[in-house]
>>> print(open('coords-v6.csv').read())   # CSV, C-alpha atoms
chain,number,residue,atom,x,y,z
H,1,LYS,CA,50.8,-185.9,-113.3
H,2,LEU,CA,54.4,-184.6,-113.5
H,3,LEU,CA,57.1,-187.2,-113.7
H,4,THR,CA,60.8,-186.9,-113.0
H,5,PHE,CA,63.3,-188.6,-115.3
H,6,GLY,CA,67.1,-188.1,-115.8
H,7,VAL,CA,68.4,-186.2,-118.8
H,8,PHE,CA,69.9,-188.5,-121.5
H,9,GLY,CA,72.9,-187.5,-123.6
H,10,PRO,CA,73.2,-188.0,-127.3
H,11,ASP,CA,75.3,-191.2,-126.9
H,12,LEU,CA,72.3,-192.9,-125.3
H,13,LEU,CA,69.6,-191.4,-127.5
H,14,ASP,CA,71.4,-192.1,-130.8
H,15,GLY,CA,72.0,-195.7,-129.9
H,16,PRO,CA,68.6,-197.3,-129.1
H,17,GLY,CA,66.7,-194.5,-130.8
H,18,GLY,CA,64.5,-193.7,-127.8
H,19,VAL,CA,64.1,-193.7,-124.0
H,20,PHE,CA,62.7,-196.7,-122.2
H,21,PHE,CA,60.9,-196.0,-118.9
H,22,GLY,CA,61.4,-199.6,-117.7
H,23,LEU,CA,59.3,-201.6,-115.2
H,24,ILE,CA,61.5,-201.5,-112.2
H,25,LYS,CA,59.7,-199.9,-109.3
H,26,GLN,CA,62.0,-199.9,-106.2
H,27,THR,CA,65.3,-198.1,-106.4
H,28,ASP,CA,67.9,-196.8,-103.9
H,29,ASN,CA,67.5,-193.3,-102.7
H,30,TRP,CA,70.4,-191.9,-104.7
H,31,ILE,CA,68.8,-193.0,-108.0
H,32,ARG,CA,66.1,-190.9,-109.6
H,33,PRO,CA,62.6,-192.3,-108.9
H,34,SER,CA,61.2,-194.9,-111.3
H,35,PHE,CA,58.2,-194.6,-113.6
H,36,MET,CA,56.4,-197.4,-111.6
H,37,GLY,CA,57.2,-195.8,-108.3
H,38,GLN,CA,56.0,-192.4,-109.3
H,39,MET,CA,52.8,-193.7,-110.7
H,40,GLY,CA,52.1,-195.9,-107.7
H,41,TYR,CA,51.5,-199.1,-109.6
H,42,ALA,CA,51.6,-202.3,-107.5
H,43,SER,CA,51.7,-204.9,-110.3
H,44,PHE,CA,51.9,-205.4,-114.0
H,45,CYS,CA,51.4,-208.1,-116.6
H,46,VAL,CA,53.5,-208.5,-119.8
H,47,ASP,CA,51.4,-210.7,-122.0
H,48,LEU,CA,53.3,-212.2,-125.0
H,49,ARG,CA,50.9,-215.0,-125.8
H,50,GLN,CA,49.3,-213.5,-128.9
H,51,THR,CA,49.2,-209.7,-129.4
H,52,PRO,CA,51.7,-208.3,-127.0
H,53,GLN,CA,50.0,-206.3,-124.2
H,54,LEU,CA,51.1,-204.5,-121.1
H,55,THR,CA,48.7,-204.1,-118.2
H,56,LEU,CA,49.5,-201.9,-115.2
H,57,SER,CA,47.5,-202.1,-112.0
H,58,LYS,CA,47.5,-200.3,-108.6
H,59,SER,CA,46.2,-203.5,-107.0
H,60,PRO,CA,47.6,-207.0,-106.8
H,61,MET,CA,46.9,-209.2,-109.8
H,62,ILE,CA,47.9,-212.6,-108.4
H,63,MET,CA,45.1,-214.3,-106.4
H,64,ASP,CA,46.3,-217.9,-105.8
H,65,ASP,CA,49.4,-219.8,-104.7
H,66,ASN,CA,50.5,-220.7,-108.2
H,67,TYR,CA,53.3,-218.1,-108.1
H,68,ILE,CA,57.0,-218.1,-107.8
H,69,PRO,CA,58.3,-216.1,-104.8
H,70,LEU,CA,60.6,-213.2,-105.7
H,71,VAL,CA,63.8,-212.5,-103.6
H,72,ARG,CA,65.6,-209.3,-102.9
H,73,ASP,CA,69.1,-210.7,-102.1
H,74,LEU,CA,70.8,-208.8,-104.9
H,75,ASN,CA,69.6,-205.5,-103.4
H,76,ARG,CA,69.7,-206.3,-99.7
H,77,ARG,CA,72.8,-208.5,-99.4
H,78,TYR,CA,74.8,-207.5,-102.4
H,79,LYS,CA,73.8,-203.8,-102.8
H,80,ALA,CA,72.3,-203.8,-106.3
H,81,PRO,CA,71.0,-200.2,-106.7
H,82,VAL,CA,67.5,-201.4,-107.9
H,83,VAL,CA,65.3,-204.3,-106.9
H,84,HIS,CA,65.4,-206.6,-109.9
H,85,TYR,CA,62.6,-209.1,-110.4
H,86,THR,CA,64.6,-212.1,-109.3
H,87,ALA,CA,63.8,-215.7,-108.3
H,88,LYS,CA,65.8,-218.7,-107.3
H,89,ALA,CA,66.1,-221.5,-109.9
H,90,SER,CA,65.6,-225.1,-108.9
H,91,LYS,CA,67.1,-226.6,-112.1
H,92,PHE,CA,69.1,-225.4,-115.1
H,93,VAL,CA,69.1,-227.9,-118.0
H,94,VAL,CA,70.8,-227.5,-121.4
H,95,ASN,CA,70.4,-230.1,-124.2
H,96,GLY,CA,68.8,-232.4,-121.7
H,97,LEU,CA,71.8,-232.3,-119.3
H,98,PRO,CA,71.4,-230.6,-115.9
H,99,LEU,CA,74.1,-228.2,-114.7
H,100,TYR,CA,75.1,-228.7,-111.1
H,101,LEU,CA,73.7,-226.0,-108.9
H,102,ASP,CA,75.3,-225.8,-105.5
H,103,GLU,CA,72.7,-225.1,-102.8
H,104,ARG,CA,75.3,-223.2,-100.8
H,105,THR,CA,75.5,-220.6,-103.6
H,106,PRO,CA,72.0,-220.2,-104.9
H,107,THR,CA,71.2,-219.5,-108.6
H,108,PHE,CA,69.5,-216.2,-109.0
H,109,VAL,CA,67.4,-215.6,-112.1
H,110,ILE,CA,66.5,-212.1,-113.3
H,111,PHE,CA,63.5,-211.7,-115.6
H,112,ASP,CA,64.3,-208.9,-118.1
H,113,THR,CA,61.9,-208.0,-120.9
H,114,GLY,CA,64.7,-205.7,-122.3
H,115,LEU,CA,66.9,-208.7,-123.2
H,116,SER,CA,66.4,-210.8,-126.2
H,117,GLY,CA,68.1,-214.1,-125.2
H,118,MET,CA,70.0,-215.0,-122.0
H,119,ALA,CA,73.1,-213.9,-120.0
H,120,VAL,CA,74.8,-216.2,-117.5
H,121,SER,CA,77.5,-215.7,-114.9
H,122,GLU,CA,81.1,-216.7,-115.7
H,123,GLU,CA,81.0,-219.8,-113.6
H,124,LEU,CA,77.9,-221.2,-115.4
H,125,TRP,CA,79.4,-220.2,-118.7
H,126,ASP,CA,82.6,-222.0,-118.1
H,127,GLY,CA,80.8,-225.0,-116.6
H,128,ARG,CA,78.6,-225.3,-119.6
H,129,ASN,CA,81.5,-225.1,-122.0
H,130,LEU,CA,83.3,-227.9,-120.2
H,131,GLN,CA,80.2,-230.1,-120.2
H,132,ALA,CA,79.6,-229.5,-123.9
H,133,ARG,CA,83.2,-230.4,-124.8
H,134,LYS,CA,83.2,-233.5,-122.6
H,135,ASN,CA,80.0,-234.8,-124.3
H,136,ARG,CA,81.0,-233.6,-127.8
H,137,GLU,CA,77.8,-231.7,-128.2
H,138,LYS,CA,77.1,-229.8,-131.5
H,139,SER,CA,75.2,-227.0,-129.9
H,140,LEU,CA,76.4,-225.1,-126.8
H,141,TRP,CA,73.1,-223.6,-125.9
H,142,GLY,CA,70.5,-225.6,-127.8
H,143,ASP,CA,67.5,-226.5,-125.8
H,144,VAL,CA,67.6,-224.5,-122.5
H,145,CYS,CA,65.2,-225.1,-119.6
H,146,VAL,CA,65.1,-223.2,-116.3
H,147,ALA,CA,62.8,-224.6,-113.5
H,148,PHE,CA,61.3,-222.9,-110.5
H,149,GLN,CA,59.1,-224.0,-107.6
H,150,THR,CA,55.9,-222.2,-106.9
H,151,LYS,CA,54.5,-221.4,-103.5
H,152,GLY,CA,52.0,-224.2,-103.9
H,153,GLY,CA,54.7,-226.8,-104.7
H,154,GLU,CA,54.3,-227.0,-108.4
H,155,GLU,CA,57.1,-226.8,-111.0
H,156,VAL,CA,57.3,-224.0,-113.6
H,157,LEU,CA,59.5,-224.4,-116.7
H,158,LEU,CA,60.7,-221.6,-118.9
H,159,THR,CA,62.3,-222.9,-122.1
H,160,ALA,CA,64.0,-221.6,-125.2
H,161,LYS,CA,65.7,-223.1,-128.3
H,162,LYS,CA,69.1,-221.7,-129.2
H,163,PRO,CA,68.7,-218.4,-127.3
H,164,ILE,CA,71.4,-215.9,-127.9
H,165,THR,CA,73.6,-216.3,-124.8
H,166,THR,CA,76.4,-214.2,-123.5
H,167,PRO,CA,78.6,-214.3,-120.4
H,168,LEU,CA,78.2,-211.6,-117.8
H,169,GLY,CA,81.9,-211.5,-117.0
H,170,ARG,CA,83.6,-211.9,-113.7
H,171,ASP,CA,83.0,-208.4,-112.5
H,172,THR,CA,79.6,-207.4,-111.1
H,173,PRO,CA,78.6,-204.0,-109.8
H,174,TRP,CA,77.5,-205.6,-106.5
H,175,THR,CA,79.4,-206.0,-103.3
H,176,ARG,CA,80.9,-209.5,-102.6
H,177,PHE,CA,78.4,-211.3,-104.8
H,178,LYS,CA,78.3,-215.0,-104.3
H,179,GLY,CA,76.2,-217.3,-106.4
H,180,ASN,CA,75.2,-218.1,-110.0
H,181,LEU,CA,73.3,-215.5,-112.0
H,182,ILE,CA,71.1,-216.0,-115.0
H,183,VAL,CA,69.2,-213.2,-116.9
H,184,LEU,CA,66.3,-214.5,-118.9
H,185,GLY,CA,64.9,-212.4,-121.8
H,186,LEU,CA,62.2,-212.6,-124.4
H,187,ALA,CA,63.3,-215.9,-125.8
H,188,PHE,CA,62.0,-217.5,-122.6
H,189,LEU,CA,59.1,-215.2,-122.0
H,190,ASP,CA,57.6,-215.4,-125.5
H,191,GLY,CA,54.3,-217.3,-125.5
H,192,ASN,CA,53.7,-216.6,-121.8
H,193,ALA,CA,51.9,-213.9,-119.7
H,194,MET,CA,54.3,-212.8,-116.9
H,195,THR,CA,52.4,-211.2,-114.0
H,196,ILE,CA,54.4,-209.5,-111.3
H,197,ASP,CA,53.0,-208.3,-108.0
H,198,VAL,CA,55.9,-205.9,-107.1
H,199,ASP,CA,54.9,-205.0,-103.5
H,200,ASP,CA,54.0,-208.6,-102.6
H,201,GLY,CA,57.1,-210.2,-104.3
H,202,LYS,CA,55.3,-212.6,-106.6
H,203,VAL,CA,55.7,-213.6,-110.2
H,204,GLN,CA,53.3,-215.9,-112.1
H,205,PHE,CA,53.6,-217.4,-115.6
H,206,THR,CA,50.5,-218.3,-117.7
H,207,GLN,CA,50.6,-220.0,-121.1
>>> encode(input="coords-v6.csv", output="structure tokens")
Amino acid sequence: KLLTFGVFGPDLLDGPGGVFFGLIKQTDNWIRPSFMGQMGYASFCVDLRQTPQLTLSKSPMIMDDNYIPLVRDLNRRYKAPVVHYTAKASKFVVNGLPLYLDERTPTFVIFDTGLSGMAVSEELWDGRNLQARKNREKSLWGDVCVAFQTKGGEEVLLTAKKPITTPLGRDTPWTRFKGNLIVLGLAFLDGNAMTIDVDDGKVQFTQ
């Protein structure tokens, strides 16, 4: 099967030392088609419990209600050019202290296997700094826990100890974005199998 990919210049090839196809499937029309889209895969599983393994499937892989619904707000409302694998967080707790999440501005969480730690939006970064100074905490991002609600009403927790954390900055490439944004990387996914049914909008974590 012939696949179409963009041409990379030396600046990109010399940096990471290779080309990553990525696991994003749905993109806007002006972007070259993705690997997942061209191959027709409907779901995949990144298993990081023991020996790392990637499974691709052309059929759904999640068969029960123990999944977290994915949302497309970043693409549909804020014009992100690709459909990130994104869910809404119910809690965000650092060093045992919850950060206030305003329901009027939901907290979107992107799952990204290409990131090692975590990235947070400017508002969350500033709020966490203020909280840590007020409580005289020794570690800014020590024990981090992000919670989600499954379709079946259960709670799923993704945790990490001292993840490398950076601010996303005030500027986003999306139109009039409102809300908090967290990008979770391998520090939170390690020890889990993450299964995503792309077409059905589901993500499931198994330990």
>>> closest_atom_pairs(input="coords-v6.csv", of="range 105-178 of chain H", to="range 77-88 of chain H", cutoff="7 Å", atoms="all atoms listed in the file", output="Markdown table")
| residue | atom | partner | partner_atom | distance |
| --- | --- | --- | --- | --- |
| H:Pro106 | CA | H:Lys88 | CA | 6.8 |
| H:Thr107 | CA | H:Lys88 | CA | 5.6 |
| H:Phe108 | CA | H:Lys88 | CA | 4.8 |
| H:Val109 | CA | H:Ala87 | CA | 5.2 |
| H:Ile110 | CA | H:Thr86 | CA | 4.4 |
| H:Phe111 | CA | H:Tyr85 | CA | 5.9 |
| H:Phe148 | CA | H:Lys88 | CA | 6.9 |
| H:Trp174 | CA | H:Tyr78 | CA | 5.3 |
| H:Thr175 | CA | H:Tyr78 | CA | 4.9 |
| H:Arg176 | CA | H:Tyr78 | CA | 6.4 |
| H:Phe177 | CA | H:Tyr78 | CA | 5.8 |
>>> closest_residue(input="coords-v6.csv", among="H:Met61, H:Met194, H:Asp126, H:Thr4", to="Pro33 in chain H", atoms="all atoms listed in the file")
H:Thr4
>>> atom_distance(input="coords-v6.csv", atom1="CA of Cys45 in chain H", atom2="CA of Thr159 in chain H")
19.2 Å
>>> residues_around(input="coords-v6.csv", residues="Gly201 in chain H", least_positions_apart="2", cutoff="9 Å", atoms="all atoms listed in the file", output="MDAnalysis selection string")
chainID H and resid 68:72 85 196:199 203
>>> atom_distance(input="coords-v6.csv", atom1="CA of Ile182 in chain H", atom2="CA of Met63 in chain H")
27.4 Å
>>> closest_atom_pairs(input="coords-v6.csv", of="range 133-156 of chain H", to="range 115-119 of chain H", cutoff="12 Å", atoms="all atoms listed in the file", output="JSON lines")
{"residue": "H:Trp141", "atom": "CA", "partner": "H:Met118", "partner_atom": "CA", "distance": 9.9}
{"residue": "H:Val144", "atom": "CA", "partner": "H:Met118", "partner_atom": "CA", "distance": 9.8}
{"residue": "H:Cys145", "atom": "CA", "partner": "H:Met118", "partner_atom": "CA", "distance": 11.4}
{"residue": "H:Val146", "atom": "CA", "partner": "H:Met118", "partner_atom": "CA", "distance": 11.1}
>>> atom_distance(input="coords-v6.csv", atom1="CA of Ala89 in chain H", atom2="CA of Leu184 in chain H")
11.4 Å
>>> closest_residue(input="coords-v6.csv", among="H:Val46, H:Leu97, H:Leu124, H:Met39", to="Leu189 in chain H", atoms="only C-alpha atoms")
H:Val46
>>> closest_residue(input="coords-v6.csv", among="H:Gly169, H:Gly185, H:Gly40, H:Pro60", to="Lys202 in chain H", atoms="all atoms listed in the file")
H:Pro60
>>> residues_around(input="coords-v6.csv", residues="Gly127 in chain H", least_positions_apart="6", cutoff="12 Å", atoms="all atoms listed in the file", output="VMD selection string")
chain H and resid 92 94 97 to 101 120 to 121 133 to 134 140 167 180
>>> closest_residue(input="coords-v6.csv", among="H:Leu168, H:Leu186, H:Gly179, H:Lys25", to="Arg104 in chain H", atoms="all atoms listed in the file")
H:Gly179
>>> closest_residue(input="coords-v6.csv", among="H:Gly153, H:Leu48, H:Ala147, H:Lys178", to="Gln207 in chain H", atoms="all atoms listed in the file")
H:Leu48
>>> residues_around(input="coords-v6.csv", residues="Lys162 in chain H", least_positions_apart="2", cutoff="7 Å", atoms="all atoms listed in the file", output="PyMOL selection string")
chain H and resi 141-143+160+164
